[in-house]
Amino acid sequence: MAKISFSPRAYCKIILHAAKYPHCAINGLLLAKEKKGEGKSSNLHVEDAIPLFHQCLHVSPMSEVALGLVDQFATQNGMVIAGYYLANELLNDLSTDKPAHRIADKIADNYGNAVMAVIDNRELSHNMSTNPLRVSQFQDGKWKLHDKADIVYEGGEAVPTALESLLREARYQQLIDFDNHLDNISLDWHNSELNKIIKKTISVQ
């Protein structure tokens, strides 16, 4: 299988989304730099994560609006929707339901290296010693779990240290998902300010 890597921004935003709504299931999209002319075995670098929902995860009209806006944003920035992430409501639940698979399969139809990341809620804490993401990739018509050794998280030791700082400072309160945006369209689902905070926090570690 191809190597999969996550930028510090993408990884931190996934965890902060789960931290903001520990009592809810959450989901979001993963963006990667668009690469043309590469086969299914090419490596995948997840550049950014776009938080979607924490209330009605699979309401079709809302999902379609969100997917359309994120696709437009990705295209304008030389990226492509390359994956999907989720955390389930129950602590021990690592499953992916049919609606989640419908969205992930649709992404895989458009991007052959698509990935799906499930957050293991049992491993979420302020000072995580292990990585809570379980990452699968679409291969030969089905989703196959990647070996954790094949998943790279850029930034080294600075990232978990920065993430611990972000969690202790409750920076997740500044994260905006599409549920927040639809409640108040002035809220920025691009999370431009949070992106700057993440970058600054990592740079001082």
# chains A, B, ... in the order shown; residues from 1 in each chain; ligands from 1
$ residues_around --residues "A:Val65" --least-positions-apart "4" --cutoff "12 Å" --atoms "only C-alpha atoms" --output "JSON, numbers by chain"
{"A": [52, 58, 59, 60, 61, 69, 70, 71, 72, 178, 179, 181, 182]}
$ write_last_selection --atoms "N, CA and C atoms" --output "PDB file, in the first residue's frame"
ATOM      1  N   LEU A  52     -17.187  18.843   9.140  1.00  0.00           N
ATOM      2  CA  LEU A  52     -18.535  18.912   8.582  1.00  0.00           C
ATOM      3  C   LEU A  52     -19.590  19.062   9.670  1.00  0.00           C
ATOM      4  N   HIS A  58     -25.698  12.854   8.368  1.00  0.00           N
ATOM      5  CA  HIS A  58     -25.944  12.334   7.028  1.00  0.00           C
ATOM      6  C   HIS A  58     -27.243  12.845   6.423  1.00  0.00           C
ATOM      7  N   VAL A  59     -27.640  14.083   6.766  1.00  0.00           N
ATOM      8  CA  VAL A  59     -28.798  14.686   6.120  1.00  0.00           C
ATOM      9  C   VAL A  59     -28.373  15.086   4.706  1.00  0.00           C
ATOM     10  N   SER A  60     -28.967  14.452   3.722  1.00  0.00           N
ATOM     11  CA  SER A  60     -28.474  14.549   2.352  1.00  0.00           C
ATOM     12  C   SER A  60     -28.349  15.975   1.818  1.00  0.00           C
ATOM     13  N   PRO A  61     -29.381  16.825   1.925  1.00  0.00           N
ATOM     14  CA  PRO A  61     -29.241  18.183   1.362  1.00  0.00           C
ATOM     15  C   PRO A  61     -28.087  18.964   1.976  1.00  0.00           C
ATOM     16  N   LEU A  69     -19.410  23.051  -1.628  1.00  0.00           N
ATOM     17  CA  LEU A  69     -18.596  24.193  -1.210  1.00  0.00           C
ATOM     18  C   LEU A  69     -17.152  23.795  -0.958  1.00  0.00           C
ATOM     19  N   VAL A  70     -16.962  22.644  -0.328  1.00  0.00           N
ATOM     20  CA  VAL A  70     -15.598  22.181  -0.037  1.00  0.00           C
ATOM     21  C   VAL A  70     -14.877  21.814  -1.330  1.00  0.00           C
ATOM     22  N   ASP A  71     -15.592  21.204  -2.263  1.00  0.00           N
ATOM     23  CA  ASP A  71     -14.985  20.854  -3.549  1.00  0.00           C
ATOM     24  C   ASP A  71     -14.530  22.120  -4.280  1.00  0.00           C
ATOM     25  N   GLN A  72     -15.352  23.146  -4.248  1.00  0.00           N
ATOM     26  CA  GLN A  72     -14.993  24.415  -4.886  1.00  0.00           C
ATOM     27  C   GLN A  72     -13.764  25.029  -4.214  1.00  0.00           C
ATOM     28  N   PHE A 178     -19.617  22.747   9.741  1.00  0.00           N
ATOM     29  CA  PHE A 178     -20.724  23.226   8.908  1.00  0.00           C
ATOM     30  C   PHE A 178     -22.018  23.374   9.690  1.00  0.00           C
ATOM     31  N   ASP A 179     -22.205  22.608  10.745  1.00  0.00           N
ATOM     32  CA  ASP A 179     -23.370  22.833  11.599  1.00  0.00           C
ATOM     33  C   ASP A 179     -23.329  24.236  12.185  1.00  0.00           C
ATOM     34  N   HIS A 181     -21.677  26.800  10.945  1.00  0.00           N
ATOM     35  CA  HIS A 181     -21.804  27.750   9.833  1.00  0.00           C
ATOM     36  C   HIS A 181     -23.259  27.898   9.383  1.00  0.00           C
ATOM     37  N   LEU A 182     -23.984  26.787   9.328  1.00  0.00           N
ATOM     38  CA  LEU A 182     -25.379  26.853   8.892  1.00  0.00           C
ATOM     39  C   LEU A 182     -26.264  27.542   9.928  1.00  0.00           C
TER      40      LEU A 182
END
$ select_by_dssp --residues "stretch 77-200 of chain A" --states "strand (DSSP E or B)" --output "PyMOL selection string"
chain A and resi 79-87+115-119+133-139+142-145+151-153
$ closest_residue --among "A:Pro8, A:Pro51, A:Pro99, A:Pro22" --to "A:Val152" --atoms "only C-alpha atoms"
A:Pro8
$ closest_atom_pairs --of "stretch 2-121 of chain A" --to "stretch 129-136 of chain A" --cutoff "10 Å" --atoms "only C-alpha atoms" --output "JSON lines"
{"residue": "A:Ile4", "atom": "CA", "partner": "A:Val135", "partner_atom": "CA", "distance": 8.9}
{"residue": "A:Tyr11", "atom": "CA", "partner": "A:Leu133", "partner_atom": "CA", "distance": 9.1}
{"residue": "A:Ile14", "atom": "CA", "partner": "A:Leu133", "partner_atom": "CA", "distance": 9.3}
{"residue": "A:Ile15", "atom": "CA", "partner": "A:Pro132", "partner_atom": "CA", "distance": 8.7}
{"residue": "A:Gly83", "atom": "CA", "partner": "A:Ser136", "partner_atom": "CA", "distance": 9.7}
{"residue": "A:Tyr84", "atom": "CA", "partner": "A:Val135", "partner_atom": "CA", "distance": 9.8}
{"residue": "A:Tyr85", "atom": "CA", "partner": "A:Val135", "partner_atom": "CA", "distance": 8.8}
{"residue": "A:Leu86", "atom": "CA", "partner": "A:Leu133", "partner_atom": "CA", "distance": 9.5}
{"residue": "A:Ala87", "atom": "CA", "partner": "A:Leu133", "partner_atom": "CA", "distance": 9.5}
{"residue": "A:Leu94", "atom": "CA", "partner": "A:Arg134", "partner_atom": "CA", "distance": 8.5}
{"residue": "A:Ala114", "atom": "CA", "partner": "A:Ser136", "partner_atom": "CA", "distance": 8.6}
{"residue": "A:Val115", "atom": "CA", "partner": "A:Ser136", "partner_atom": "CA", "distance": 5.6}
{"residue": "A:Met116", "atom": "CA", "partner": "A:Ser136", "partner_atom": "CA", "distance": 5.2}
{"residue": "A:Ala117", "atom": "CA", "partner": "A:Val135", "partner_atom": "CA", "distance": 4.3}
{"residue": "A:Val118", "atom": "CA", "partner": "A:Arg134", "partner_atom": "CA", "distance": 5.1}
{"residue": "A:Ile119", "atom": "CA", "partner": "A:Leu133", "partner_atom": "CA", "distance": 4.7}
{"residue": "A:Asp120", "atom": "CA", "partner": "A:Pro132", "partner_atom": "CA", "distance": 5.0}
{"residue": "A:Asn121", "atom": "CA", "partner": "A:Pro132", "partner_atom": "CA", "distance": 7.2}
$ select_by_dssp --residues "stretch 10-120 of chain A" --states "helix (DSSP H, G or I)" --output "PyMOL selection string"
chain A and resi 10-20+60-76+98-110
$ atom_distance --atom1 "atom CA of A:Asp93" --atom2 "atom CA of A:Phe53"
17.9 Å
$ decode --residues "stretch 50-178 of chain A" --atoms "C-alpha atoms" --output "PDB file, in the first residue's frame"
ATOM      1  CA  ILE A  50     -12.629  20.404   6.850  1.00  0.00           C
ATOM      2  CA  PRO A  51     -15.011  19.725   9.774  1.00  0.00           C
ATOM      3  CA  LEU A  52     -18.535  18.912   8.582  1.00  0.00           C
ATOM      4  CA  PHE A  53     -21.168  17.998  11.157  1.00  0.00           C
ATOM      5  CA  HIS A  54     -21.815  17.035  14.781  1.00  0.00           C
ATOM      6  CA  GLN A  55     -25.625  16.923  14.756  1.00  0.00           C
ATOM      7  CA  CYS A  56     -27.246  15.363  11.710  1.00  0.00           C
ATOM      8  CA  LEU A  57     -24.223  13.771  10.059  1.00  0.00           C
ATOM      9  CA  HIS A  58     -25.944  12.334   7.028  1.00  0.00           C
ATOM     10  CA  VAL A  59     -28.798  14.686   6.120  1.00  0.00           C
ATOM     11  CA  SER A  60     -28.474  14.549   2.352  1.00  0.00           C
ATOM     12  CA  PRO A  61     -29.241  18.183   1.362  1.00  0.00           C
ATOM     13  CA  MET A  62     -26.851  19.584   3.971  1.00  0.00           C
ATOM     14  CA  SER A  63     -24.145  17.093   3.030  1.00  0.00           C
ATOM     15  CA  GLU A  64     -24.512  17.928  -0.661  1.00  0.00           C
ATOM     16  CA  VAL A  65     -24.233  21.660   0.007  1.00  0.00           C
ATOM     17  CA  ALA A  66     -21.148  21.111   2.158  1.00  0.00           C
ATOM     18  CA  LEU A  67     -19.492  18.773  -0.345  1.00  0.00           C
ATOM     19  CA  GLY A  68     -20.104  21.284  -3.144  1.00  0.00           C
ATOM     20  CA  LEU A  69     -18.596  24.193  -1.210  1.00  0.00           C
ATOM     21  CA  VAL A  70     -15.598  22.181  -0.037  1.00  0.00           C
ATOM     22  CA  ASP A  71     -14.985  20.854  -3.549  1.00  0.00           C
ATOM     23  CA  GLN A  72     -14.993  24.415  -4.886  1.00  0.00           C
ATOM     24  CA  PHE A  73     -12.615  25.546  -2.130  1.00  0.00           C
ATOM     25  CA  ALA A  74     -10.290  22.604  -2.780  1.00  0.00           C
ATOM     26  CA  THR A  75     -10.180  23.258  -6.526  1.00  0.00           C
ATOM     27  CA  GLN A  76      -9.386  26.941  -5.986  1.00  0.00           C
ATOM     28  CA  ASN A  77      -6.438  25.941  -3.796  1.00  0.00           C
ATOM     29  CA  GLY A  78      -5.000  23.175  -5.969  1.00  0.00           C
ATOM     30  CA  MET A  79      -6.384  20.414  -3.791  1.00  0.00           C
ATOM     31  CA  VAL A  80      -8.887  17.597  -4.062  1.00  0.00           C
ATOM     32  CA  ILE A  81     -11.278  15.931  -1.607  1.00  0.00           C
ATOM     33  CA  ALA A  82      -9.243  12.821  -0.850  1.00  0.00           C
ATOM     34  CA  GLY A  83     -10.848  11.348   2.232  1.00  0.00           C
ATOM     35  CA  TYR A  84     -13.341  11.323   5.056  1.00  0.00           C
ATOM     36  CA  TYR A  85     -12.974  11.195   8.836  1.00  0.00           C
ATOM     37  CA  LEU A  86     -15.376  10.399  11.636  1.00  0.00           C
ATOM     38  CA  ALA A  87     -15.721   9.706  15.321  1.00  0.00           C
ATOM     39  CA  ASN A  88     -18.649   7.750  16.679  1.00  0.00           C
ATOM     40  CA  GLU A  89     -20.768   8.731  19.661  1.00  0.00           C
ATOM     41  CA  LEU A  90     -19.989   5.640  21.757  1.00  0.00           C
ATOM     42  CA  LEU A  91     -16.556   5.267  23.359  1.00  0.00           C
ATOM     43  CA  ASN A  92     -15.759   1.791  22.024  1.00  0.00           C
ATOM     44  CA  ASP A  93     -17.356   2.166  18.596  1.00  0.00           C
ATOM     45  CA  LEU A  94     -14.901   2.035  15.676  1.00  0.00           C
ATOM     46  CA  SER A  95     -17.502   1.068  13.080  1.00  0.00           C
ATOM     47  CA  THR A  96     -18.427   2.896   9.877  1.00  0.00           C
ATOM     48  CA  ASP A  97     -22.151   2.900   9.082  1.00  0.00           C
ATOM     49  CA  LYS A  98     -23.763   2.802   5.638  1.00  0.00           C
ATOM     50  CA  PRO A  99     -24.248   6.585   5.306  1.00  0.00           C
ATOM     51  CA  ALA A 100     -20.556   7.115   6.114  1.00  0.00           C
ATOM     52  CA  HIS A 101     -19.609   4.558   3.489  1.00  0.00           C
ATOM     53  CA  ARG A 102     -21.835   6.265   0.924  1.00  0.00           C
ATOM     54  CA  ILE A 103     -19.930   9.519   1.333  1.00  0.00           C
ATOM     55  CA  ALA A 104     -16.537   7.795   1.457  1.00  0.00           C
ATOM     56  CA  ASP A 105     -17.369   5.646  -1.578  1.00  0.00           C
ATOM     57  CA  LYS A 106     -18.429   8.757  -3.498  1.00  0.00           C
ATOM     58  CA  ILE A 107     -15.074  10.353  -2.685  1.00  0.00           C
ATOM     59  CA  ALA A 108     -13.294   7.169  -3.809  1.00  0.00           C
ATOM     60  CA  ASP A 109     -15.168   7.298  -7.137  1.00  0.00           C
ATOM     61  CA  ASN A 110     -13.511  10.657  -7.813  1.00  0.00           C
ATOM     62  CA  TYR A 111     -10.147  10.023  -6.151  1.00  0.00           C
ATOM     63  CA  GLY A 112      -8.602   6.575  -6.440  1.00  0.00           C
ATOM     64  CA  ASN A 113      -6.327   6.914  -3.389  1.00  0.00           C
ATOM     65  CA  ALA A 114      -9.161   7.946  -1.053  1.00  0.00           C
ATOM     66  CA  VAL A 115      -8.755   7.320   2.669  1.00  0.00           C
ATOM     67  CA  MET A 116     -11.128   7.054   5.607  1.00  0.00           C
ATOM     68  CA  ALA A 117      -9.995   7.790   9.163  1.00  0.00           C
ATOM     69  CA  VAL A 118     -11.915   6.661  12.257  1.00  0.00           C
ATOM     70  CA  ILE A 119     -11.020   8.265  15.596  1.00  0.00           C
ATOM     71  CA  ASP A 120     -10.575   5.805  18.462  1.00  0.00           C
ATOM     72  CA  ASN A 121     -12.297   7.725  21.262  1.00  0.00           C
ATOM     73  CA  ARG A 122     -10.612   5.551  23.894  1.00  0.00           C
ATOM     74  CA  GLU A 123      -7.237   7.098  23.029  1.00  0.00           C
ATOM     75  CA  LEU A 124      -8.276  10.750  23.187  1.00  0.00           C
ATOM     76  CA  SER A 125      -6.697  12.701  26.051  1.00  0.00           C
ATOM     77  CA  HIS A 126      -4.782  15.912  26.684  1.00  0.00           C
ATOM     78  CA  ASN A 127      -1.427  14.132  26.513  1.00  0.00           C
ATOM     79  CA  MET A 128      -1.944  11.370  23.981  1.00  0.00           C
ATOM     80  CA  SER A 129       0.924   8.882  23.893  1.00  0.00           C
ATOM     81  CA  THR A 130      -0.564   7.036  20.911  1.00  0.00           C
ATOM     82  CA  ASN A 131      -2.179   8.127  17.670  1.00  0.00           C
ATOM     83  CA  PRO A 132      -5.982   7.690  17.822  1.00  0.00           C
ATOM     84  CA  LEU A 133      -6.590   7.542  14.045  1.00  0.00           C
ATOM     85  CA  ARG A 134      -7.413   4.238  12.331  1.00  0.00           C
ATOM     86  CA  VAL A 135      -6.861   4.848   8.631  1.00  0.00           C
ATOM     87  CA  SER A 136      -8.264   2.750   5.784  1.00  0.00           C
ATOM     88  CA  GLN A 137      -7.671   3.179   2.053  1.00  0.00           C
ATOM     89  CA  PHE A 138      -9.882   2.228  -0.869  1.00  0.00           C
ATOM     90  CA  GLN A 139      -8.164  -0.658  -2.678  1.00  0.00           C
ATOM     91  CA  ASP A 140      -9.572  -3.135  -5.185  1.00  0.00           C
ATOM     92  CA  GLY A 141     -13.156  -2.059  -4.558  1.00  0.00           C
ATOM     93  CA  LYS A 142     -13.079  -2.214  -0.747  1.00  0.00           C
ATOM     94  CA  TRP A 143     -11.760  -0.321   2.256  1.00  0.00           C
ATOM     95  CA  LYS A 144      -8.608  -1.878   3.721  1.00  0.00           C
ATOM     96  CA  LEU A 145      -7.117  -0.902   7.071  1.00  0.00           C
ATOM     97  CA  HIS A 146      -3.613   0.522   6.789  1.00  0.00           C
ATOM     98  CA  ASP A 147      -0.812  -0.609   9.048  1.00  0.00           C
ATOM     99  CA  LYS A 148      -0.095   2.181  11.544  1.00  0.00           C
ATOM    100  CA  ALA A 149       3.581   2.019  10.512  1.00  0.00           C
ATOM    101  CA  ASP A 150       2.588   3.258   7.048  1.00  0.00           C
ATOM    102  CA  ILE A 151       0.932   6.403   8.417  1.00  0.00           C
ATOM    103  CA  VAL A 152       3.235   9.413   8.761  1.00  0.00           C
ATOM    104  CA  TYR A 153       2.436  12.458  10.884  1.00  0.00           C
ATOM    105  CA  GLU A 154       4.600  15.393   9.880  1.00  0.00           C
ATOM    106  CA  GLY A 155       6.128  17.677  12.469  1.00  0.00           C
ATOM    107  CA  GLY A 156       7.617  15.053  14.777  1.00  0.00           C
ATOM    108  CA  GLU A 157       7.401  15.533  18.537  1.00  0.00           C
ATOM    109  CA  ALA A 158       6.315  19.155  18.131  1.00  0.00           C
ATOM    110  CA  VAL A 159       2.829  18.062  17.020  1.00  0.00           C
ATOM    111  CA  PRO A 160       1.668  16.097  20.109  1.00  0.00           C
ATOM    112  CA  THR A 161       3.196  18.797  22.322  1.00  0.00           C
ATOM    113  CA  ALA A 162       1.381  21.512  20.376  1.00  0.00           C
ATOM    114  CA  LEU A 163      -1.861  19.525  20.395  1.00  0.00           C
ATOM    115  CA  GLU A 164      -1.650  19.132  24.169  1.00  0.00           C
ATOM    116  CA  SER A 165      -1.267  22.905  24.448  1.00  0.00           C
ATOM    117  CA  LEU A 166      -4.192  23.518  22.081  1.00  0.00           C
ATOM    118  CA  LEU A 167      -6.420  21.177  24.081  1.00  0.00           C
ATOM    119  CA  ARG A 168      -5.469  22.653  27.442  1.00  0.00           C
ATOM    120  CA  GLU A 169      -6.182  26.142  26.098  1.00  0.00           C
ATOM    121  CA  ALA A 170      -9.567  24.880  24.820  1.00  0.00           C
ATOM    122  CA  ARG A 171      -8.772  26.084  21.294  1.00  0.00           C
ATOM    123  CA  TYR A 172     -11.337  23.571  20.036  1.00  0.00           C
ATOM    124  CA  GLN A 173     -13.956  26.127  21.033  1.00  0.00           C
ATOM    125  CA  GLN A 174     -12.758  28.205  18.050  1.00  0.00           C
ATOM    126  CA  LEU A 175     -13.243  25.376  15.551  1.00  0.00           C
ATOM    127  CA  ILE A 176     -16.151  25.939  13.162  1.00  0.00           C
ATOM    128  CA  ASP A 177     -17.887  23.044  11.433  1.00  0.00           C
ATOM    129  CA  PHE A 178     -20.724  23.226   8.908  1.00  0.00           C
TER     130      PHE A 178
END
